file query.tsv (TSV, C-alpha atoms and all ligand atoms)
chain	number	residue	atom	x	y	z
A	624	MET	CA	-37.11	19.11	-68.83
A	625	THR	CA	-35.11	17.75	-65.89
A	626	HIS	CA	-31.54	18.89	-65.41
A	627	PRO	CA	-28.90	16.13	-64.95
A	628	LEU	CA	-28.33	17.51	-61.45
A	629	GLN	CA	-31.96	16.84	-60.59
A	630	GLU	CA	-31.54	13.30	-61.88
A	631	LEU	CA	-28.48	12.85	-59.71
A	632	ARG	CA	-30.45	14.15	-56.72
A	633	ASP	CA	-33.33	11.73	-57.31
A	634	ALA	CA	-30.95	8.82	-57.75
A	635	ALA	CA	-29.07	9.79	-54.55
A	636	LEU	CA	-32.27	10.11	-52.53
A	637	ALA	CA	-33.46	6.71	-53.75
A	638	GLU	CA	-30.16	5.05	-52.78
A	639	ILE	CA	-30.22	6.76	-49.40
A	640	ALA	CA	-33.70	5.43	-48.75
A	641	ALA	CA	-32.53	1.95	-49.74
A	642	ALA	CA	-29.35	1.90	-47.61
A	643	GLY	CA	-29.83	-0.73	-44.88
A	644	ASP	CA	-26.99	0.21	-42.52
A	645	VAL	CA	-24.54	2.97	-41.69
A	646	GLN	CA	-21.82	1.46	-43.91
A	647	ALA	CA	-24.08	1.34	-46.99
A	648	LEU	CA	-25.13	4.92	-46.31
A	649	GLU	CA	-21.50	6.06	-46.15
A	650	ALA	CA	-20.89	4.40	-49.54
A	651	VAL	CA	-23.75	6.44	-51.02
A	652	ARG	CA	-22.32	9.63	-49.54
A	653	VAL	CA	-18.92	8.98	-51.07
A	654	LEU	CA	-20.49	8.16	-54.43
A	655	TYR	CA	-22.32	11.49	-54.67
A	656	LEU	CA	-20.75	13.98	-52.30
A	657	GLY	CA	-17.23	12.55	-51.81
A	658	ARG	CA	-14.19	14.36	-53.17
A	659	SER	CA	-14.72	12.79	-56.61
A	660	GLY	CA	-18.46	12.15	-56.19
A	661	SER	CA	-20.78	12.81	-59.12
A	662	ILE	CA	-22.57	15.78	-57.50
A	663	SER	CA	-19.26	17.27	-56.32
A	664	ALA	CA	-17.98	17.03	-59.91
A	665	TRP	CA	-20.45	19.72	-60.86
A	666	GLY	CA	-18.45	22.22	-58.90
A	667	GLU	CA	-15.66	21.84	-61.50
A	668	LYS	CA	-18.11	21.82	-64.41
A	669	MET	CA	-19.41	25.26	-63.36
A	670	LYS	CA	-16.25	26.88	-64.77
A	671	THR	CA	-17.09	25.67	-68.26
A	672	LEU	CA	-20.59	27.20	-68.28
A	673	SER	CA	-21.59	30.49	-69.79
A	674	LYS	CA	-22.14	33.59	-67.71
A	675	GLU	CA	-25.91	33.23	-68.10
A	676	GLU	CA	-26.05	29.58	-67.13
A	677	ARG	CA	-23.68	29.78	-64.18
A	678	PRO	CA	-25.96	31.41	-61.56
A	679	VAL	CA	-28.89	29.15	-62.47
A	680	VAL	CA	-26.88	25.94	-62.23
A	681	GLY	CA	-25.03	27.22	-59.16
A	682	LYS	CA	-28.29	27.70	-57.33
A	683	LEU	CA	-29.50	24.28	-58.44
A	684	LEU	CA	-26.21	22.66	-57.33
A	685	ASN	CA	-26.62	24.20	-53.87
A	686	GLU	CA	-30.18	23.00	-53.57
A	687	VAL	CA	-29.27	19.47	-54.69
A	688	ARG	CA	-26.29	19.34	-52.33
A	689	SER	CA	-28.27	20.42	-49.30
A	690	ALA	CA	-31.20	18.13	-50.10
A	691	VAL	CA	-28.87	15.12	-50.35
A	692	THR	CA	-26.92	16.16	-47.24
A	693	ALA	CA	-30.10	16.53	-45.22
A	694	ALA	CA	-31.37	13.14	-46.38
A	695	LEU	CA	-28.01	11.56	-45.48
A	696	GLU	CA	-28.12	13.04	-41.99
A	697	GLU	CA	-31.67	12.05	-41.30
A	698	SER	CA	-31.21	8.51	-42.53
A	699	GLY	CA	-27.88	8.20	-40.66
A	700	GLU	CA	-29.50	9.13	-37.38
A	701	LYS	CA	-32.26	6.56	-37.85
A	702	LEU	CA	-29.82	3.80	-38.80
A	703	ARG	CA	-27.56	4.50	-35.80
A	704	ALA	CA	-30.52	4.46	-33.43
A	705	THR	CA	-31.75	1.09	-34.72
A	706	GLN	CA	-28.24	-0.36	-34.57
A	707	GLU	CA	-27.79	0.75	-30.94
A	708	ALA	CA	-31.19	-0.60	-29.96
A	709	GLY	CA	-30.25	-3.91	-31.60
A	710	ALA	CA	-26.96	-4.09	-29.69
A	711	LEU	CA	-28.72	-3.42	-26.39
A	712	ALA	CA	-31.36	-6.03	-27.14
A	713	GLU	CA	-28.58	-8.66	-27.09
A	714	ILE	CA	-27.73	-7.81	-23.46
A	715	ASP	CA	-29.86	-9.60	-20.92
A	716	ILE	CA	-29.80	-7.20	-18.00
A	717	SER	CA	-31.52	-9.77	-15.79
A	718	LEU	CA	-28.43	-12.05	-15.88
A	719	PRO	CA	-26.24	-12.08	-12.74
A	720	GLY	CA	-23.13	-9.89	-13.08
A	721	THR	CA	-19.56	-11.14	-13.31
A	722	PRO	CA	-18.49	-11.63	-9.71
A	723	HIS	CA	-15.65	-9.32	-8.69
A	724	GLU	CA	-13.18	-10.88	-6.28
A	725	ILE	CA	-12.49	-8.60	-3.36
A	726	GLY	CA	-9.06	-8.76	-1.76
A	727	ALA	CA	-8.37	-8.61	1.96
A	728	LEU	CA	-5.63	-7.36	4.24
A	729	HIS	CA	-2.74	-9.71	5.00
A	730	PRO	CA	-3.02	-11.19	8.52
A	731	LEU	CA	0.16	-9.36	9.59
A	732	THR	CA	-1.37	-6.08	8.42
A	733	GLN	CA	-4.60	-6.84	10.27
A	734	MET	CA	-2.60	-7.58	13.40
A	735	LEU	CA	-0.58	-4.36	12.95
A	736	ASP	CA	-3.71	-2.25	12.47
A	737	ARG	CA	-5.08	-3.54	15.76
A	738	ALA	CA	-1.78	-2.91	17.54
A	739	ILE	CA	-1.48	0.64	16.20
A	740	GLY	CA	-5.07	1.32	17.32
A	741	ILE	CA	-4.30	0.24	20.87
A	742	PHE	CA	-1.05	2.22	21.14
A	743	ARG	CA	-2.67	5.27	19.58
A	744	ARG	CA	-5.18	5.30	22.44
A	745	MET	CA	-2.20	5.47	24.80
A	746	GLY	CA	-0.85	8.49	22.93
A	747	PHE	CA	1.90	6.82	20.86
A	748	ALA	CA	2.69	8.35	17.46
A	749	LEU	CA	4.13	6.41	14.51
A	750	ALA	CA	7.83	6.61	13.63
A	751	ALA	CA	9.88	4.90	10.91
A	752	GLY	CA	13.46	4.26	9.85
A	753	PRO	CA	15.27	2.55	6.95
A	754	ASP	CA	15.66	-1.24	6.60
A	755	VAL	CA	19.24	-0.72	5.39
A	756	GLU	CA	21.12	0.79	8.31
A	757	ASP	CA	24.60	1.71	9.46
A	758	GLU	CA	26.29	-0.08	12.34
A	759	TRP	CA	26.09	2.96	14.57
A	760	HIS	CA	22.28	3.12	14.56
A	761	CYS	CA	21.95	-0.64	14.88
A	762	PHE	CA	24.61	-1.30	17.53
A	763	ASP	CA	26.99	1.43	18.75
A	764	ALA	CA	24.34	4.00	19.64
A	765	LEU	CA	22.48	1.21	21.41
A	766	ASN	CA	25.41	0.60	23.76
A	767	THR	CA	26.29	-2.65	21.98
A	768	ALA	CA	30.02	-3.49	22.21
A	769	PRO	CA	32.08	-4.14	19.05
A	770	ASP	CA	32.49	-7.81	20.00
A	771	HIS	CA	28.79	-8.44	20.72
A	772	PRO	CA	27.65	-11.70	19.03
A	773	ALA	CA	24.69	-9.98	17.29
A	774	ARG	CA	27.24	-8.07	15.17
A	775	ASN	CA	28.81	-11.28	13.94
A	776	GLU	CA	28.87	-11.96	10.21
A	777	GLN	CA	27.16	-15.27	10.90
A	778	ASP	CA	24.19	-13.47	12.43
A	779	THR	CA	23.76	-10.32	10.37
A	780	PHE	CA	23.38	-9.47	6.67
A	781	TYR	CA	26.16	-7.00	5.80
A	782	LEU	CA	26.33	-5.08	2.54
A	783	PRO	CA	29.70	-4.71	0.76
A	784	ASP	CA	29.81	-1.03	1.80
A	785	GLY	CA	29.62	-1.94	5.51
A	786	ARG	CA	25.97	-1.12	5.99
A	787	LEU	CA	23.59	-3.88	7.09
A	788	LEU	CA	19.97	-4.99	7.15
A	789	ARG	CA	18.78	-3.88	10.58
A	790	THR	CA	18.67	-6.78	13.02
A	791	HIS	CA	15.96	-5.07	15.09
A	792	THR	CA	13.71	-2.03	14.93
A	793	SER	CA	15.53	-0.50	17.93
A	794	THR	CA	17.40	1.58	15.32
A	795	VAL	CA	14.27	3.77	15.18
A	796	GLN	CA	14.66	4.61	18.90
A	797	ILE	CA	17.93	6.26	17.94
A	798	ARG	CA	16.50	7.98	14.86
A	799	ALA	CA	13.57	9.34	16.89
A	800	MET	CA	15.86	10.78	19.60
A	801	GLU	CA	18.24	12.23	16.99
A	802	SER	CA	15.39	14.17	15.43
A	803	ALA	CA	13.57	15.45	18.52
A	804	PRO	CA	14.22	16.30	22.16
A	805	PRO	CA	12.19	14.61	24.93
A	806	PRO	CA	9.39	13.97	25.72
A	807	ILE	CA	8.99	11.24	23.11
A	808	ARG	CA	6.28	8.62	22.75
A	809	VAL	CA	6.50	6.62	19.50
A	810	ILE	CA	5.98	3.16	18.09
A	811	ALA	CA	7.82	1.97	14.98
A	812	PRO	CA	6.51	-1.14	13.25
A	813	GLY	CA	8.74	-2.68	10.58
A	814	ALA	CA	10.86	-5.48	9.20
A	815	ALA	CA	13.99	-6.87	10.84
A	816	PHE	CA	16.54	-9.30	9.40
A	817	ARG	CA	18.75	-12.01	10.87
A	818	ARG	CA	20.72	-14.88	9.39
A	819	ASP	CA	18.60	-17.36	11.30
A	820	GLU	CA	18.10	-20.93	10.20
A	821	VAL	CA	14.58	-20.83	8.72
A	822	ASP	CA	12.04	-23.09	10.44
A	823	ALA	CA	8.44	-22.93	11.68
A	824	THR	CA	9.21	-20.20	14.22
A	825	HIS	CA	12.27	-18.48	12.65
A	826	SER	CA	12.55	-16.48	9.46
A	827	ALA	CA	15.39	-14.42	7.96
A	828	GLN	CA	12.91	-11.56	7.72
A	829	PHE	CA	10.41	-10.94	10.50
A	830	HIS	CA	8.58	-7.95	11.93
A	831	GLN	CA	8.68	-6.00	15.16
A	832	ILE	CA	6.82	-3.16	16.78
A	833	GLU	CA	9.36	-0.99	18.51
A	834	GLY	CA	8.24	1.39	21.22
A	835	LEU	CA	9.97	4.27	22.99
A	836	TYR	CA	8.64	6.48	25.76
A	837	VAL	CA	10.90	9.14	27.27
A	838	ASP	CA	9.64	11.65	29.81
A	839	GLU	CA	10.21	12.82	33.36
A	840	ARG	CA	9.70	10.13	36.03
A	841	VAL	CA	8.91	7.25	33.64
A	842	SER	CA	9.28	4.05	35.67
A	843	VAL	CA	9.16	0.25	35.36
A	844	ALA	CA	5.57	0.54	36.61
A	845	ASP	CA	4.72	2.56	33.47
A	846	LEU	CA	6.44	-0.01	31.28
A	847	LYS	CA	4.57	-2.85	32.94
A	848	GLY	CA	1.24	-1.02	32.85
A	849	ALA	CA	1.51	-0.04	29.18
A	850	LEU	CA	2.53	-3.48	27.94
A	851	GLU	CA	0.04	-5.39	30.11
A	852	PHE	CA	-2.70	-3.09	28.86
A	853	PHE	CA	-1.62	-3.63	25.26
A	854	LEU	CA	-1.46	-7.42	25.54
A	855	ARG	CA	-4.82	-7.70	27.31
A	856	GLU	CA	-6.49	-5.42	24.77
A	857	LEU	CA	-5.09	-7.60	22.00
A	858	PHE	CA	-5.54	-11.09	23.46
A	859	GLY	CA	-8.37	-10.59	25.96
A	860	ALA	CA	-8.76	-9.45	29.57
A	861	GLU	CA	-8.02	-12.90	31.04
A	862	THR	CA	-4.53	-13.02	29.49
A	863	ALA	CA	-1.74	-13.68	31.99
A	864	VAL	CA	1.39	-11.58	31.42
A	865	ARG	CA	4.78	-12.54	32.87
A	866	PHE	CA	7.91	-10.37	33.06
A	867	ARG	CA	11.19	-12.34	33.18
A	868	PRO	CA	14.51	-10.63	33.94
A	869	HIS	CA	16.70	-10.56	30.83
A	870	TYR	CA	19.69	-8.71	29.36
A	871	PHE	CA	19.85	-6.16	26.54
A	872	PRO	CA	22.83	-3.79	26.23
A	873	PHE	CA	20.56	-0.76	25.69
A	874	THR	CA	18.14	-1.25	28.60
A	875	GLU	CA	18.64	-1.62	32.35
A	876	PRO	CA	16.80	-3.37	33.90
A	877	SER	CA	15.69	-5.54	30.99
A	878	PHE	CA	12.85	-8.04	30.69
A	879	GLU	CA	11.28	-10.54	28.39
A	880	ILE	CA	7.51	-10.82	28.41
A	881	ASP	CA	5.53	-14.06	28.08
A	882	VAL	CA	1.76	-14.40	27.70
A	883	LYS	CA	-0.58	-17.26	28.48
A	884	SER	CA	-4.36	-17.48	28.19
A	885	LYS	CA	-7.03	-20.16	28.05
A	886	ALA	CA	-8.83	-18.02	25.47
A	887	LEU	CA	-5.89	-18.34	23.07
A	888	LYS	CA	-5.80	-21.35	20.79
A	889	SER	CA	-2.19	-21.88	21.83
A	890	GLY	CA	-3.65	-22.72	25.26
A	891	GLU	CA	-1.95	-23.20	28.58
A	892	LYS	CA	1.68	-22.52	27.78
A	893	TRP	CA	3.80	-19.40	28.15
A	894	ILE	CA	4.76	-17.78	24.85
A	895	GLU	CA	7.49	-15.15	24.60
A	896	VAL	CA	6.32	-12.04	22.74
A	897	CYS	CA	8.48	-9.07	23.71
A	898	GLY	CA	11.86	-7.74	24.83
A	899	CYS	CA	11.84	-4.53	26.84
A	900	GLY	CA	13.41	-2.45	29.59
A	901	MET	CA	14.31	1.00	30.89
A	902	VAL	CA	16.49	2.99	28.47
A	903	HIS	CA	20.14	2.68	29.53
A	904	PRO	CA	21.71	6.03	30.56
A	905	ALA	CA	24.61	5.24	28.21
A	906	VAL	CA	22.15	5.47	25.29
A	907	PHE	CA	21.04	8.96	26.41
A	908	GLU	CA	24.66	10.03	26.76
A	909	GLU	CA	25.51	8.80	23.26
A	910	MET	CA	22.45	10.69	21.97
A	911	ASN	CA	23.72	13.91	23.55
A	912	ARG	CA	27.13	13.35	21.94
A	913	ALA	CA	25.53	12.76	18.51
A	914	ARG	CA	23.13	15.70	18.84
A	915	GLY	CA	25.77	18.01	20.24
A	916	ASP	CA	23.50	19.16	23.05
A	917	ALA	CA	22.31	18.00	26.48
A	918	ALA	CA	18.68	17.36	25.53
A	919	TYR	CA	18.76	13.81	26.91
A	920	ASP	CA	20.07	14.53	30.39
A	921	PRO	CA	19.98	11.10	32.12
A	922	GLU	CA	19.50	12.83	35.47
A	923	LYS	CA	16.29	14.45	34.25
A	924	TRP	CA	14.77	12.02	31.78
A	925	THR	CA	13.98	8.33	32.02
A	926	GLY	CA	12.28	6.10	29.51
A	927	PHE	CA	11.16	2.64	28.57
A	928	ALA	CA	11.58	0.81	25.28
A	929	PHE	CA	10.17	-2.42	23.92
A	930	GLY	CA	10.29	-4.62	20.84
A	931	LEU	CA	7.23	-6.77	20.21
A	932	GLY	CA	7.52	-9.73	17.84
A	933	MET	CA	4.77	-8.91	15.37
A	934	ASP	CA	4.76	-12.26	13.54
A	935	ARG	CA	4.63	-14.01	16.90
A	936	LEU	CA	1.66	-11.90	18.02
A	937	ALA	CA	-0.21	-12.65	14.78
A	938	MET	CA	0.60	-16.37	15.06
A	939	ILE	CA	-0.92	-16.46	18.55
A	940	LEU	CA	-3.91	-14.29	17.66
A	941	PHE	CA	-4.90	-16.22	14.53
A	942	ASP	CA	-3.56	-19.62	15.58
A	943	ILE	CA	-1.04	-19.80	12.72
A	944	PRO	CA	1.36	-22.74	13.19
A	945	ASP	CA	4.21	-21.71	10.86
A	946	ILE	CA	5.88	-18.28	10.38
A	947	ARG	CA	6.80	-19.20	6.78
A	948	LEU	CA	3.11	-19.04	5.79
A	949	PHE	CA	3.20	-15.23	6.09
A	950	ALA	CA	5.55	-14.89	3.12
A	951	GLN	CA	4.48	-17.74	0.85
A	952	ASN	CA	1.59	-15.84	-0.78
A	953	ASP	CA	-0.62	-18.95	-0.81
A	954	LEU	CA	-4.22	-17.89	-1.39
A	955	ARG	CA	-5.52	-20.98	0.45
A	956	PHE	CA	-3.81	-19.54	3.55
A	957	LEU	CA	-4.48	-15.84	2.96
A	958	GLY	CA	-8.14	-16.45	2.05
A	959	GLN	CA	-8.80	-17.64	5.61
A	960	PHE	CA	-8.27	-14.11	6.91
A	961	ALA	CA	-10.50	-12.34	4.38
A	1001	LIG	N1	15.63	-5.03	20.06
A	1001	LIG	C1	15.42	-6.15	20.94
A	1001	LIG	C2	15.38	-7.44	20.14
A	1001	LIG	O1	15.21	-7.38	18.95
A	1001	LIG	C3	14.14	-6.02	21.74
A	1001	LIG	C4	14.13	-4.83	22.64
A	1001	LIG	C5	13.64	-3.63	22.21
A	1001	LIG	C6	14.64	-4.91	23.92
A	1001	LIG	C7	13.61	-2.52	23.04
A	1001	LIG	C8	14.61	-3.84	24.77
A	1001	LIG	C9	14.11	-2.64	24.34
A	1001	LIG	O2	15.52	-8.52	20.66
call {"tool": "encode", "arguments": {"input": "query.tsv", "output": "structure tokens"}}
result
Amino acid sequence: MTHPLQELRDAALAEIAAAGDVQALEAVRVLYLGRSGSISAWGEKMKTLSKEERPVVGKLLNEVRSAVTAALEESGEKLRATQEAGALAEIDISLPGTPHEIGALHPLTQMLDRAIGIFRRMGFALAAGPDVEDEWHCFDALNTAPDHPARNEQDTFYLPDGRLLRTHTSTVQIRAMESAPPPIRVIAPGAAFRRDEVDATHSAQFHQIEGLYVDERVSVADLKGALEFFLRELFGAETAVRFRPHYFPFTEPSFEIDVKSKALKSGEKWIEVCGCGMVHPAVFEEMNRARGDAAYDPEKWTGFAFGLGMDRLAMILFDIPDIRLFAQNDLRFLGQFA
């Protein structure tokens, strides 16, 4: 005679064999072995059996449970394997992949990377300072008188608290000398801000590469040599470089530098790219006052400083006609430098 548990087992095994997918199989499991499944119910029934019957049925219940569990596991594994194989079969691995668009560096960044590489070979380290500055770092420490036109509200962005957006990166000259005694050899690339009328060659935000070199016996010849070397490395050996006398409050003598080269797309006209000069002794003296020492003794140390117009350099190098293109984020423009 077959026990009802054996009948349940046979029914379960038959349904397991018939289940066509993982979901159907799970339904069978719940039906028989779930919390209120018909095999599980026998666990409760055990309590109602006599002492003699209990061990016999208990053993049978265990056997039935493990037989059904084993069948469930085996069948589940098979069903999962077929389902995975089916899913993979739908993927045609010979199809071309989805193209992944690769970005590129902004032309100003490309230009800056080249510039840093050239100055690094000359032993210049990188320095940095904040875009939001105080008047002392931007003007006073740079020997710029209180009535100098650059300080005018028409020319400079002032914050309500009296600070300002730096009008040049020369602020970093001051910050570098505040934080270390000579010798110093740094470049400081960064943004500068002026209330300029915006047109093809002027922008309210532009970029400069500041440079400062302070050591014993630094001369105009060093200044000229370093900047000529830089410009010829950047634009080509045949580039003509012209120094014009100029005025800056924080350098003496001061110059502006123009370049011209047949190799450049801009062709046969002089283009101004840099302001520079020998550090004014008044700047060293103000540094000593601020530092509270005599580290920058103007009798012992001399130095040169320069401020290269980074946007201008990139415009010449890549033949870009309009400075506004740098900030417009137009992929038709940026894609040309990828
Ligand atoms: N800071 C000057 C400018 O923005 C350029 C400059 C830098 C001149 C360093 C001399 C020395 O025009």
call {"tool": "residues_around", "arguments": {"input": "query.tsv", "residues": "Val809 of chain A", "least_positions_apart": "2", "cutoff": "9 Å", "atoms": "all atoms listed in the file", "output": "PyMOL selection string"}}
result
chain A and resi 742+746-750+796+799+807+811+833-836
call {"tool": "closest_atom_pairs", "arguments": {"input": "query.tsv", "of": "chain A", "to": "ligand LIG 1001 (chain A)", "cutoff": "8 Å", "atoms": "all atoms listed in the file", "output": "JSON lines"}}
result
{"residue": "A:Thr790", "atom": "CA", "partner": "A:LIG1001", "partner_atom": "O1", "distance": 6.9}
{"residue": "A:His791", "atom": "CA", "partner": "A:LIG1001", "partner_atom": "O1", "distance": 4.6}
{"residue": "A:Thr792", "atom": "CA", "partner": "A:LIG1001", "partner_atom": "N1", "distance": 6.2}
{"residue": "A:Ser793", "atom": "CA", "partner": "A:LIG1001", "partner_atom": "N1", "distance": 5.0}
{"residue": "A:Gln831", "atom": "CA", "partner": "A:LIG1001", "partner_atom": "O1", "distance": 7.7}
{"residue": "A:Glu833", "atom": "CA", "partner": "A:LIG1001", "partner_atom": "C5", "distance": 6.2}
{"residue": "A:Gly834", "atom": "CA", "partner": "A:LIG1001", "partner_atom": "C7", "distance": 6.9}
{"residue": "A:Leu835", "atom": "CA", "partner": "A:LIG1001", "partner_atom": "C7", "distance": 7.7}
{"residue": "A:Phe871", "atom": "CA", "partner": "A:LIG1001", "partner_atom": "C6", "distance": 6.0}
{"residue": "A:Phe873", "atom": "CA", "partner": "A:LIG1001", "partner_atom": "C8", "distance": 6.8}
{"residue": "A:Thr874", "atom": "CA", "partner": "A:LIG1001", "partner_atom": "C8", "distance": 5.8}
{"residue": "A:Ser877", "atom": "CA", "partner": "A:LIG1001", "partner_atom": "C8", "distance": 6.5}
{"residue": "A:Phe878", "atom": "CA", "partner": "A:LIG1001", "partner_atom": "C8", "distance": 7.5}
{"residue": "A:Glu879", "atom": "CA", "partner": "A:LIG1001", "partner_atom": "C6", "distance": 7.9}
{"residue": "A:Cys897", "atom": "CA", "partner": "A:LIG1001", "partner_atom": "C3", "distance": 6.7}
{"residue": "A:Gly898", "atom": "CA", "partner": "A:LIG1001", "partner_atom": "C6", "distance": 4.1}
{"residue": "A:Cys899", "atom": "CA", "partner": "A:LIG1001", "partner_atom": "C8", "distance": 3.5}
{"residue": "A:Gly900", "atom": "CA", "partner": "A:LIG1001", "partner_atom": "C8", "distance": 5.2}
{"residue": "A:Met901", "atom": "CA", "partner": "A:LIG1001", "partner_atom": "C9", "distance": 7.5}
{"residue": "A:Val902", "atom": "CA", "partner": "A:LIG1001", "partner_atom": "C9", "distance": 7.4}
{"residue": "A:Phe927", "atom": "CA", "partner": "A:LIG1001", "partner_atom": "C9", "distance": 7.4}
{"residue": "A:Ala928", "atom": "CA", "partner": "A:LIG1001", "partner_atom": "C9", "distance": 4.4}
{"residue": "A:Phe929", "atom": "CA", "partner": "A:LIG1001", "partner_atom": "C7", "distance": 3.6}
{"residue": "A:Gly930", "atom": "CA", "partner": "A:LIG1001", "partner_atom": "C5", "distance": 3.8}
{"residue": "A:Leu931", "atom": "CA", "partner": "A:LIG1001", "partner_atom": "C3", "distance": 7.1}
call {"tool": "residues_around", "arguments": {"input": "query.tsv", "residues": "segment 847-864 of chain A", "least_positions_apart": "6", "cutoff": "8 Å", "atoms": "all atoms listed in the file", "output": "list in words"}}
result
Arg737, Ala738, Ile741, Phe742, Met745, Ile880, Asp881, Val882, Lys883, Ser884, Lys885, Ala886, Leu887 and Leu940 of chain A
call {"tool": "closest_residue", "arguments": {"input": "query.tsv", "among": "A:Gly660, A:Val680, A:Pro804, A:Val651", "to": "His626 of chain A", "atoms": "all atoms listed in the file"}}
result
A:Val680
call {"tool": "atom_distance", "arguments": {"input": "query.tsv", "atom1": "atom CA of Leu702 of chain A", "atom2": "atom CA of Asp715 of chain A"}}
result
22.3 Å
call {"tool": "axis_aligned_box", "arguments": {"input": "query.tsv", "around": "segment 929-948 of chain A", "padding_each_side": "6 Å", "output": "JSON"}}
result
{"center_x": 2.7, "center_y": -12.6, "center_z": 14.9, "size_x": 27.2, "size_y": 32.3, "size_z": 30.1}
call {"tool": "closest_residue", "arguments": {"input": "query.tsv", "among": "A:Ala727, A:Ala815, A:Gly657, A:Val906", "to": "Phe956 of chain A", "atoms": "only C-alpha atoms"}}
result
A:Ala727
call {"tool": "build_atoms", "arguments": {"input": "query.tsv", "residues": "segment 834-847 of chain A", "atoms": "N, CA, C and O atoms", "output": "CSV table (one decimal), in the frame of the given file"}}
result
chain,number,residue,atom,x,y,z
A,834,GLY,N,8.9,0.3,20.5
A,834,GLY,CA,8.2,1.4,21.2
A,834,GLY,C,9.3,2.2,22.0
A,834,GLY,O,10.2,1.6,22.5
A,835,LEU,N,9.1,3.5,22.2
A,835,LEU,CA,10.0,4.3,23.0
A,835,LEU,C,9.2,5.4,23.7
A,835,LEU,O,8.4,6.1,23.0
A,836,TYR,N,9.3,5.4,25.0
A,836,TYR,CA,8.6,6.5,25.8
A,836,TYR,C,9.6,7.1,26.7
A,836,TYR,O,10.2,6.5,27.6
A,837,VAL,N,9.9,8.4,26.4
A,837,VAL,CA,10.9,9.1,27.3
A,837,VAL,C,10.2,10.4,27.8
A,837,VAL,O,9.6,11.1,27.1
A,838,ASP,N,10.3,10.5,29.2
A,838,ASP,CA,9.6,11.6,29.8
A,838,ASP,C,10.2,11.8,31.2
A,838,ASP,O,11.1,11.0,31.6
A,839,GLU,N,9.7,12.7,32.0
A,839,GLU,CA,10.2,12.8,33.4
A,839,GLU,C,9.5,11.8,34.2
A,839,GLU,O,8.3,11.5,34.0
A,840,ARG,N,10.3,11.1,35.1
A,840,ARG,CA,9.7,10.1,36.0
A,840,ARG,C,9.0,8.9,35.4
A,840,ARG,O,8.0,8.4,35.9
A,841,VAL,N,9.4,8.5,34.2
A,841,VAL,CA,8.9,7.2,33.6
A,841,VAL,C,9.6,6.1,34.4
A,841,VAL,O,10.8,6.1,34.6
A,842,SER,N,8.8,5.1,34.8
A,842,SER,CA,9.3,4.0,35.7
A,842,SER,C,8.9,2.7,35.1
A,842,SER,O,8.2,2.5,34.1
A,843,VAL,N,9.5,1.6,35.7
A,843,VAL,CA,9.2,0.2,35.4
A,843,VAL,C,7.7,0.0,35.5
A,843,VAL,O,7.1,-0.8,34.7
A,844,ALA,N,7.0,0.7,36.5
A,844,ALA,CA,5.6,0.5,36.6
A,844,ALA,C,4.8,1.0,35.3
A,844,ALA,O,3.9,0.4,34.9
A,845,ASP,N,5.3,2.1,34.7
A,845,ASP,CA,4.7,2.6,33.5
A,845,ASP,C,4.9,1.5,32.4
A,845,ASP,O,4.0,1.3,31.6
A,846,LEU,N,6.1,1.0,32.3
A,846,LEU,CA,6.4,0.0,31.3
A,846,LEU,C,5.5,-1.2,31.4
A,846,LEU,O,4.9,-1.7,30.5
A,847,LYS,N,5.4,-1.7,32.7
A,847,LYS,CA,4.6,-2.8,32.9
A,847,LYS,C,3.1,-2.6,32.6
A,847,LYS,O,2.4,-3.3,32.0
